[in-house]
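Novice: As input, take start.pdb (PDB, C-alpha atoms, pLDDT in the B column):
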ATOM      1  CA  LEU A  21     -21.671 -17.539 -70.253  1.00 69.00           C
ATOM      2  CA  GLY A  22     -21.270 -18.164 -66.520  1.00 73.00           C
ATOM      3  CA  PHE A  23     -18.881 -20.421 -64.644  1.00 87.00           C
ATOM      4  CA  ILE A  24     -20.300 -23.922 -65.251  1.00 90.00           C
ATOM      5  CA  THR A  25     -19.900 -27.056 -63.148  1.00 91.00           C
ATOM      6  CA  ILE A  26     -21.177 -30.365 -64.510  1.00 92.00           C
ATOM      7  CA  THR A  27     -22.792 -32.135 -61.548  1.00 92.00           C
ATOM      8  CA  ASP A  28     -24.142 -35.297 -63.175  1.00 93.00           C
ATOM      9  CA  VAL A  29     -24.472 -37.044 -66.527  1.00 94.00           C
ATOM     10  CA  ARG A  30     -26.990 -39.796 -67.195  1.00 95.00           C
ATOM     11  CA  VAL A  31     -26.784 -41.795 -70.394  1.00 93.00           C
ATOM     12  CA  THR A  32     -29.484 -44.169 -71.575  1.00 93.00           C
ATOM     13  CA  GLY A  33     -28.516 -47.829 -71.943  1.00 90.00           C
ATOM     14  CA  ASP A  34     -28.694 -47.632 -75.739  1.00 90.00           C
ATOM     15  CA  LEU A  35     -26.414 -44.547 -75.741  1.00 87.00           C
ATOM     16  CA  GLN A  36     -29.033 -42.551 -77.652  1.00 92.00           C
ATOM     17  CA  GLN A  37     -29.478 -39.766 -75.125  1.00 95.00           C
ATOM     18  CA  ALA A  38     -27.361 -38.060 -72.452  1.00 95.00           C
ATOM     19  CA  SER A  39     -28.875 -35.832 -69.785  1.00 96.00           C
ATOM     20  CA  ILE A  40     -26.299 -33.380 -68.478  1.00 95.00           C
ATOM     21  CA  PHE A  41     -26.948 -31.599 -65.186  1.00 95.00           C
ATOM     22  CA  TYR A  42     -25.031 -28.429 -64.435  1.00 93.00           C
ATOM     23  CA  THR A  43     -24.826 -25.493 -62.048  1.00 90.00           C
ATOM     24  CA  VAL A  44     -23.871 -21.916 -62.863  1.00 89.00           C
ATOM     25  CA  LEU A  45     -22.123 -19.477 -60.576  1.00 84.00           C
ATOM     26  CA  GLY A  46     -23.975 -16.190 -60.869  1.00 81.00           C
ATOM     27  CA  ASP A  47     -27.416 -14.639 -61.028  1.00 84.00           C
ATOM     28  CA  ASN A  48     -30.482 -15.453 -63.146  1.00 84.00           C
ATOM     29  CA  ALA A  49     -29.060 -13.587 -66.140  1.00 88.00           C
ATOM     30  CA  ALA A  50     -25.918 -15.756 -66.014  1.00 87.00           C
ATOM     31  CA  ARG A  51     -28.056 -18.916 -65.771  1.00 88.00           C
ATOM     32  CA  GLU A  52     -30.207 -17.867 -68.730  1.00 90.00           C
ATOM     33  CA  SER A  53     -27.262 -16.917 -70.940  1.00 92.00           C
ATOM     34  CA  THR A  54     -25.474 -20.150 -70.034  1.00 92.00           C
ATOM     35  CA  ALA A  55     -28.548 -22.235 -70.892  1.00 92.00           C
ATOM     36  CA  ALA A  56     -28.825 -20.456 -74.244  1.00 94.00           C
ATOM     37  CA  ALA A  57     -25.109 -20.956 -74.970  1.00 94.00           C
ATOM     38  CA  LEU A  58     -25.224 -24.664 -74.096  1.00 94.00           C
ATOM     39  CA  ASN A  59     -28.310 -25.234 -76.229  1.00 93.00           C
ATOM     40  CA  SER A  60     -26.817 -23.396 -79.202  1.00 94.00           C
ATOM     41  CA  ALA A  61     -23.587 -25.404 -78.902  1.00 94.00           C
ATOM     42  CA  LYS A  62     -25.278 -28.837 -78.643  1.00 94.00           C
ATOM     43  CA  GLY A  63     -24.142 -29.966 -82.083  1.00 92.00           C
ATOM     44  CA  MET A  64     -20.529 -28.957 -81.594  1.00 94.00           C
ATOM     45  CA  LEU A  65     -20.443 -30.470 -78.101  1.00 94.00           C
ATOM     46  CA  ARG A  66     -22.000 -33.705 -79.363  1.00 93.00           C
ATOM     47  CA  SER A  67     -19.339 -33.964 -82.093  1.00 92.00           C
ATOM     48  CA  GLU A  68     -16.608 -33.345 -79.521  1.00 92.00           C
ATOM     49  CA  VAL A  69     -18.020 -36.016 -77.185  1.00 90.00           C
ATOM     50  CA  GLY A  70     -18.140 -38.536 -80.033  1.00 89.00           C
ATOM     51  CA  ARG A  71     -14.604 -37.715 -81.127  1.00 91.00           C
ATOM     52  CA  SER A  72     -13.192 -37.793 -77.583  1.00 91.00           C
ATOM     53  CA  LEU A  73     -14.851 -41.050 -76.557  1.00 86.00           C
ATOM     54  CA  GLY A  74     -14.557 -42.814 -79.910  1.00 87.00           C
ATOM     55  CA  LEU A  75     -18.172 -43.944 -79.815  1.00 81.00           C
ATOM     56  CA  ARG A  76     -19.902 -45.404 -82.841  1.00 83.00           C
ATOM     57  CA  ILE A  77     -23.160 -43.867 -81.649  1.00 85.00           C
ATOM     58  CA  THR A  78     -22.924 -40.440 -80.072  1.00 90.00           C
ATOM     59  CA  PRO A  79     -25.825 -39.603 -77.767  1.00 93.00           C
ATOM     60  CA  SER A  80     -27.943 -36.519 -78.238  1.00 94.00           C
ATOM     61  CA  LEU A  81     -27.300 -34.052 -75.438  1.00 96.00           C
ATOM     62  CA  GLU A  82     -29.875 -32.432 -73.175  1.00 96.00           C
ATOM     63  CA  PHE A  83     -28.861 -29.854 -70.578  1.00 95.00           C
ATOM     64  CA  PHE A  84     -30.649 -29.364 -67.264  1.00 94.00           C
ATOM     65  CA  LEU A  85     -29.933 -26.755 -64.617  1.00 92.00           C
ATOM     66  CA  ASP A  86     -29.279 -28.681 -61.402  1.00 89.00           C
ATOM     67  CA  GLY A  87     -31.179 -27.055 -58.565  1.00 80.00           C
ATOM     68  CA  MET A  88     -29.541 -29.240 -55.918  1.00 77.00           C
ATOM     69  CA  ALA A  89     -26.725 -26.779 -55.206  1.00 70.00           C
ATOM     70  CA  GLU A  90     -29.161 -23.905 -54.749  1.00 72.00           C
ATOM     71  CA  SER A  91     -31.344 -26.021 -52.465  1.00 75.00           C
ATOM     72  CA  ALA A  92     -28.311 -27.024 -50.407  1.00 75.00           C
ATOM     73  CA  SER A  93     -27.217 -23.401 -50.139  1.00 75.00           C
ATOM     74  CA  ALA A  94     -30.688 -22.316 -49.008  1.00 78.00           C
ATOM     75  CA  MET A  95     -30.733 -25.142 -46.457  1.00 84.00           C
ATOM     76  CA  ASN A  96     -27.322 -24.076 -45.124  1.00 83.00           C
ATOM     77  CA  ASP A  97     -28.600 -20.502 -44.776  1.00 85.00           C
ATOM     78  CA  LEU A  98     -31.601 -21.723 -42.774  1.00 88.00           C
ATOM     79  CA  ILE A  99     -29.394 -23.836 -40.505  1.00 91.00           C
ATOM     80  CA  GLU A 100     -27.113 -20.851 -39.920  1.00 90.00           C
ATOM     81  CA  GLN A 101     -30.125 -18.702 -38.977  1.00 91.00           C
ATOM     82  CA  MET A 102     -31.272 -21.397 -36.534  1.00 92.00           C
ATOM     83  CA  HIS A 103     -27.819 -21.519 -34.893  1.00 90.00           C
ATOM     84  CA  LYS A 104     -27.838 -17.728 -34.466  1.00 92.00           C
ATOM     85  CA  ALA A 105     -31.323 -17.848 -32.921  1.00 89.00           C
ATOM     86  CA  ASP A 106     -30.226 -20.661 -30.577  1.00 89.00           C
ATOM     87  CA  ALA A 107     -27.191 -18.615 -29.508  1.00 88.00           C
ATOM     88  CA  GLU A 108     -29.412 -15.606 -28.742  1.00 88.00           C
ATOM     89  CA  VAL A 109     -31.770 -17.736 -26.644  1.00 86.00           C
ATOM     90  CA  ALA A 110     -28.788 -19.248 -24.796  1.00 85.00           C
ATOM     91  CA  LYS A 111     -27.523 -15.726 -23.948  1.00 86.00           C
ATOM     92  CA  LEU A 112     -30.932 -14.717 -22.606  1.00 83.00           C
ATOM     93  CA  ARG A 113     -31.255 -17.932 -20.623  1.00 82.00           C
ATOM     94  CA  ALA A 114     -27.741 -17.752 -19.120  1.00 84.00           C
ATOM     95  CA  GLY A 115     -28.620 -15.364 -16.298  1.00 78.00           C
ATOM     96  CA  ALA A 116     -32.280 -16.284 -15.922  1.00 79.00           C
ATOM     97  CA  LYS A 117     -33.651 -17.893 -12.757  1.00 77.00           C
ATOM     98  CA  PRO A 118     -36.960 -19.710 -12.351  1.00 71.00           C
ATOM     99  CA  VAL A 119     -39.771 -17.765 -10.707  1.00 70.00           C
ATOM    100  CA  ALA A 120     -40.484 -20.612  -8.276  1.00 69.00           C
ATOM    101  CA  GLU A 121     -38.879 -23.873  -7.214  1.00 74.00           C
ATOM    102  CA  ASN A 122     -40.880 -25.781  -9.832  1.00 73.00           C
ATOM    103  CA  PRO A 123     -42.318 -23.391 -12.412  1.00 65.00           C
ATOM    104  CA  TYR A 124     -44.404 -26.205 -13.930  1.00 73.00           C
ATOM    105  CA  LYS A 125     -46.214 -27.114 -10.708  1.00 72.00           C
ATOM    106  CA  ASN A 126     -49.839 -26.024 -10.488  1.00 70.00           C
ATOM    107  CA  HIS A 127     -50.138 -24.115  -7.204  1.00 62.00           C
ATOM    108  CA  ASP A 128     -53.853 -24.977  -6.928  1.00 66.00           C
ATOM    109  CA  GLN A 129     -53.003 -28.688  -6.555  1.00 59.00           C
ATOM    110  CA  GLY A 130     -50.782 -28.069  -3.523  1.00 52.00           C
TER     111      GLY A 130
END
Turn the structure described in the file into structure tokens.

Specialist:
Amino acid sequence: LGFITITDVRVTGDLQQASIFYTVLGDNAARESTAAALNSAKGMLRSEVGRSLGLRITPSLEFFLDGMAESASAMNDLIEQMHKADAEVAKLRAGAKPVAENPYKNHDQG
């Protein structure tokens, strides 16, 4: 079982079903073992939710791995790579001088 963070819970209006979104710190093996543990503990967790909230109807629980954190992490990695590339280009450009007064001017046009 990995380190779990509950990121969102959505309950239907009739309180029949709760969708629980979570993230797991770790690799694929940790995610798979956590999913298996959560699914095997559904009944116990449902009883605990009902007892804690004092609900007459306790919703059935469904667990979903939330991919938002992984997507955000991948996006941050891409942004970091872009910043590094921009810094490298800025270093190269720092001492550069144009070849002519206006490098975009077509010399054939005069």

Novice: With all atoms listed in the file as the basis for distance, which of A:Ile40, A:Ile99, A:Lys111, A:Phe83 is at the shortest distance from Ala56 of chain A?

Specialist: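 Among A:Ile40, A:Ile99, A:Lys111, A:Phe83, it is A:Phe83 that comes nearest to Ala56 of chain A.
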
Novice: Return the single residue from A:Arg30, A:Arg51, A:Lys125, A:Lys117 that is closest to Gly87 of chain A, with distances computed using all atoms listed in the file.

Specialist: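 Ranked by minimum distance to Gly87 of chain A, first place goes to A:Arg51.
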
Novice: Go through A:Asp97, A:Glu52, A:Glu82, A:Glu90 one by one, measure the shortest atom-to-atom distance of each to Ala38 of chain A using all atoms listed in the file, and give the residue with the smallest value.

Specialist: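 Under the stated criterion, the closest residue is A:Glu82.
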
Novice: Apply the PyMOL selection byres ((chain A and resi 25) around 8) to the file shown and report the selected residues as a tab-separated table (two decimals) with C-alpha atoms, keeping the file's coordinate frame.

Specialist:
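To be explicit, this is the file written out as result_0.tsv:
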chain	number	residue	atom	x	y	z
A	23	PHE	CA	-18.88	-20.42	-64.64
A	24	ILE	CA	-20.30	-23.92	-65.25
A	26	ILE	CA	-21.18	-30.36	-64.51
A	27	THR	CA	-22.79	-32.14	-61.55
A	42	TYR	CA	-25.03	-28.43	-64.44
A	43	THR	CA	-24.83	-25.49	-62.05
A	44	VAL	CA	-23.87	-21.92	-62.86

Novice: Hey, what comes out of the PyMOL selection byres ((chain A and resi 65) around 12) on this file? Could you write it as a ChimeraX atom specification?

Specialist: /A:38,40,57-64,66-72,78-83

Novice: Separation of atom CA of Ser93 of chain A and atom CA of Ala107 of chain A, in Å?

Specialist: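 A separation of 21.2 Å between them.
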
Novice: For atom CA of Asn122 of chain A and atom CA of Ala105 of chain A, quote the distance in Å rounded to one decimal.

Specialist: 26.2 Å

Novice: Given the choices A:Ile77, A:Arg113, A:Leu98, A:Asp106, which gets closest to Gln36 of chain A if the distance is worked out from only C-alpha atoms?

Specialist: A:Ile77

Novice: Quick one: distance from atom CA of Leu85 of chain A to atom CA of Leu73 of chain A in Å, one decimal?

Specialist: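 Those two atoms sit 24.0 Å apart.
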
Novice: How would segment 76-112 of chain A look with N, CA and C atoms restored, written as a PDB file, keeping the file's coordinate frame?

Specialist:
ATOM      1  N   ARG A  76     -19.263 -45.218 -81.545  1.00 83.00           N
ATOM      2  CA  ARG A  76     -19.902 -45.404 -82.841  1.00 83.00           C
ATOM      3  C   ARG A  76     -21.202 -44.604 -82.884  1.00 83.00           C
ATOM      4  N   ILE A  77     -21.928 -44.640 -81.779  1.00 85.00           N
ATOM      5  CA  ILE A  77     -23.160 -43.867 -81.649  1.00 85.00           C
ATOM      6  C   ILE A  77     -22.910 -42.783 -80.605  1.00 85.00           C
ATOM      7  N   THR A  78     -23.097 -41.552 -81.009  1.00 90.00           N
ATOM      8  CA  THR A  78     -22.924 -40.440 -80.072  1.00 90.00           C
ATOM      9  C   THR A  78     -24.298 -40.003 -79.587  1.00 90.00           C
ATOM     10  N   PRO A  79     -24.498 -39.956 -78.286  1.00 93.00           N
ATOM     11  CA  PRO A  79     -25.825 -39.603 -77.767  1.00 93.00           C
ATOM     12  C   PRO A  79     -26.186 -38.144 -78.038  1.00 93.00           C
ATOM     13  N   SER A  80     -27.484 -37.907 -78.175  1.00 94.00           N
ATOM     14  CA  SER A  80     -27.943 -36.519 -78.238  1.00 94.00           C
ATOM     15  C   SER A  80     -27.835 -35.954 -76.822  1.00 94.00           C
ATOM     16  N   LEU A  81     -27.553 -34.674 -76.733  1.00 96.00           N
ATOM     17  CA  LEU A  81     -27.300 -34.052 -75.438  1.00 96.00           C
ATOM     18  C   LEU A  81     -28.467 -33.169 -75.020  1.00 96.00           C
ATOM     19  N   GLU A  82     -28.864 -33.306 -73.768  1.00 96.00           N
ATOM     20  CA  GLU A  82     -29.875 -32.432 -73.175  1.00 96.00           C
ATOM     21  C   GLU A  82     -29.274 -31.843 -71.913  1.00 96.00           C
ATOM     22  N   PHE A  83     -29.435 -30.545 -71.727  1.00 95.00           N
ATOM     23  CA  PHE A  83     -28.861 -29.854 -70.578  1.00 95.00           C
ATOM     24  C   PHE A  83     -29.960 -29.447 -69.602  1.00 95.00           C
ATOM     25  N   PHE A  84     -29.697 -29.690 -68.317  1.00 94.00           N
ATOM     26  CA  PHE A  84     -30.649 -29.364 -67.264  1.00 94.00           C
ATOM     27  C   PHE A  84     -29.926 -28.621 -66.148  1.00 94.00           C
ATOM     28  N   LEU A  85     -30.485 -27.495 -65.747  1.00 92.00           N
ATOM     29  CA  LEU A  85     -29.933 -26.755 -64.617  1.00 92.00           C
ATOM     30  C   LEU A  85     -30.207 -27.557 -63.353  1.00 92.00           C
ATOM     31  N   ASP A  86     -29.168 -27.878 -62.618  1.00 89.00           N
ATOM     32  CA  ASP A  86     -29.279 -28.681 -61.402  1.00 89.00           C
ATOM     33  C   ASP A  86     -29.593 -27.758 -60.231  1.00 89.00           C
ATOM     34  N   GLY A  87     -30.766 -27.898 -59.680  1.00 80.00           N
ATOM     35  CA  GLY A  87     -31.179 -27.055 -58.565  1.00 80.00           C
ATOM     36  C   GLY A  87     -30.690 -27.538 -57.214  1.00 80.00           C
ATOM     37  N   MET A  88     -29.989 -28.670 -57.187  1.00 77.00           N
ATOM     38  CA  MET A  88     -29.541 -29.240 -55.918  1.00 77.00           C
ATOM     39  C   MET A  88     -28.596 -28.298 -55.175  1.00 77.00           C
ATOM     40  N   ALA A  89     -27.689 -27.669 -55.864  1.00 70.00           N
ATOM     41  CA  ALA A  89     -26.725 -26.779 -55.206  1.00 70.00           C
ATOM     42  C   ALA A  89     -27.435 -25.583 -54.583  1.00 70.00           C
ATOM     43  N   GLU A  90     -28.410 -25.035 -55.292  1.00 72.00           N
ATOM     44  CA  GLU A  90     -29.161 -23.905 -54.749  1.00 72.00           C
ATOM     45  C   GLU A  90     -29.979 -24.331 -53.539  1.00 72.00           C
ATOM     46  N   SER A  91     -30.576 -25.516 -53.604  1.00 75.00           N
ATOM     47  CA  SER A  91     -31.344 -26.021 -52.465  1.00 75.00           C
ATOM     48  C   SER A  91     -30.438 -26.237 -51.263  1.00 75.00           C
ATOM     49  N   ALA A  92     -29.261 -26.791 -51.498  1.00 75.00           N
ATOM     50  CA  ALA A  92     -28.311 -27.024 -50.407  1.00 75.00           C
ATOM     51  C   ALA A  92     -27.858 -25.701 -49.800  1.00 75.00           C
ATOM     52  N   SER A  93     -27.627 -24.715 -50.631  1.00 75.00           N
ATOM     53  CA  SER A  93     -27.217 -23.401 -50.139  1.00 75.00           C
ATOM     54  C   SER A  93     -28.326 -22.764 -49.301  1.00 75.00           C
ATOM     55  N   ALA A  94     -29.557 -22.862 -49.763  1.00 78.00           N
ATOM     56  CA  ALA A  94     -30.688 -22.316 -49.008  1.00 78.00           C
ATOM     57  C   ALA A  94     -30.840 -23.042 -47.677  1.00 78.00           C
ATOM     58  N   MET A  95     -30.641 -24.360 -47.688  1.00 84.00           N
ATOM     59  CA  MET A  95     -30.733 -25.142 -46.457  1.00 84.00           C
ATOM     60  C   MET A  95     -29.632 -24.733 -45.482  1.00 84.00           C
ATOM     61  N   ASN A  96     -28.423 -24.529 -45.981  1.00 83.00           N
ATOM     62  CA  ASN A  96     -27.322 -24.076 -45.124  1.00 83.00           C
ATOM     63  C   ASN A  96     -27.620 -22.712 -44.512  1.00 83.00           C
ATOM     64  N   ASP A  97     -28.228 -21.817 -45.296  1.00 85.00           N
ATOM     65  CA  ASP A  97     -28.600 -20.502 -44.776  1.00 85.00           C
ATOM     66  C   ASP A  97     -29.617 -20.629 -43.642  1.00 85.00           C
ATOM     67  N   LEU A  98     -30.599 -21.516 -43.820  1.00 88.00           N
ATOM     68  CA  LEU A  98     -31.601 -21.723 -42.774  1.00 88.00           C
ATOM     69  C   LEU A  98     -30.974 -22.294 -41.505  1.00 88.00           C
ATOM     70  N   ILE A  99     -30.070 -23.243 -41.662  1.00 91.00           N
ATOM     71  CA  ILE A  99     -29.394 -23.836 -40.505  1.00 91.00           C
ATOM     72  C   ILE A  99     -28.567 -22.782 -39.775  1.00 91.00           C
ATOM     73  N   GLU A 100     -27.901 -21.927 -40.529  1.00 90.00           N
ATOM     74  CA  GLU A 100     -27.113 -20.851 -39.920  1.00 90.00           C
ATOM     75  C   GLU A 100     -28.013 -19.893 -39.134  1.00 90.00           C
ATOM     76  N   GLN A 101     -29.175 -19.562 -39.685  1.00 91.00           N
ATOM     77  CA  GLN A 101     -30.125 -18.702 -38.977  1.00 91.00           C
ATOM     78  C   GLN A 101     -30.599 -19.359 -37.681  1.00 91.00           C
ATOM     79  N   MET A 102     -30.839 -20.675 -37.731  1.00 92.00           N
ATOM     80  CA  MET A 102     -31.272 -21.397 -36.534  1.00 92.00           C
ATOM     81  C   MET A 102     -30.186 -21.376 -35.461  1.00 92.00           C
ATOM     82  N   HIS A 103     -28.925 -21.557 -35.855  1.00 90.00           N
ATOM     83  CA  HIS A 103     -27.819 -21.519 -34.893  1.00 90.00           C
ATOM     84  C   HIS A 103     -27.709 -20.143 -34.241  1.00 90.00           C
ATOM     85  N   LYS A 104     -27.887 -19.086 -35.022  1.00 92.00           N
ATOM     86  CA  LYS A 104     -27.838 -17.728 -34.466  1.00 92.00           C
ATOM     87  C   LYS A 104     -28.979 -17.516 -33.468  1.00 92.00           C
ATOM     88  N   ALA A 105     -30.176 -17.984 -33.821  1.00 89.00           N
ATOM     89  CA  ALA A 105     -31.323 -17.848 -32.921  1.00 89.00           C
ATOM     90  C   ALA A 105     -31.092 -18.643 -31.637  1.00 89.00           C
ATOM     91  N   ASP A 106     -30.539 -19.851 -31.760  1.00 89.00           N
ATOM     92  CA  ASP A 106     -30.226 -20.661 -30.577  1.00 89.00           C
ATOM     93  C   ASP A 106     -29.211 -19.962 -29.687  1.00 89.00           C
ATOM     94  N   ALA A 107     -28.211 -19.326 -30.283  1.00 88.00           N
ATOM     95  CA  ALA A 107     -27.191 -18.615 -29.508  1.00 88.00           C
ATOM     96  C   ALA A 107     -27.810 -17.433 -28.766  1.00 88.00           C
ATOM     97  N   GLU A 108     -28.737 -16.729 -29.396  1.00 88.00           N
ATOM     98  CA  GLU A 108     -29.412 -15.606 -28.742  1.00 88.00           C
ATOM     99  C   GLU A 108     -30.249 -16.083 -27.560  1.00 88.00           C
ATOM    100  N   VAL A 109     -30.963 -17.179 -27.733  1.00 86.00           N
ATOM    101  CA  VAL A 109     -31.770 -17.736 -26.644  1.00 86.00           C
ATOM    102  C   VAL A 109     -30.860 -18.190 -25.505  1.00 86.00           C
ATOM    103  N   ALA A 110     -29.731 -18.800 -25.827  1.00 85.00           N
ATOM    104  CA  ALA A 110     -28.788 -19.248 -24.796  1.00 85.00           C
ATOM    105  C   ALA A 110     -28.255 -18.061 -23.995  1.00 85.00           C
ATOM    106  N   LYS A 111     -27.984 -16.932 -24.657  1.00 86.00           N
ATOM    107  CA  LYS A 111     -27.523 -15.726 -23.948  1.00 86.00           C
ATOM    108  C   LYS A 111     -28.595 -15.220 -22.984  1.00 86.00           C
ATOM    109  N   LEU A 112     -29.831 -15.184 -23.451  1.00 83.00           N
ATOM    110  CA  LEU A 112     -30.932 -14.717 -22.606  1.00 83.00           C
ATOM    111  C   LEU A 112     -31.161 -15.651 -21.420  1.00 83.00           C
TER     112      LEU A 112
END
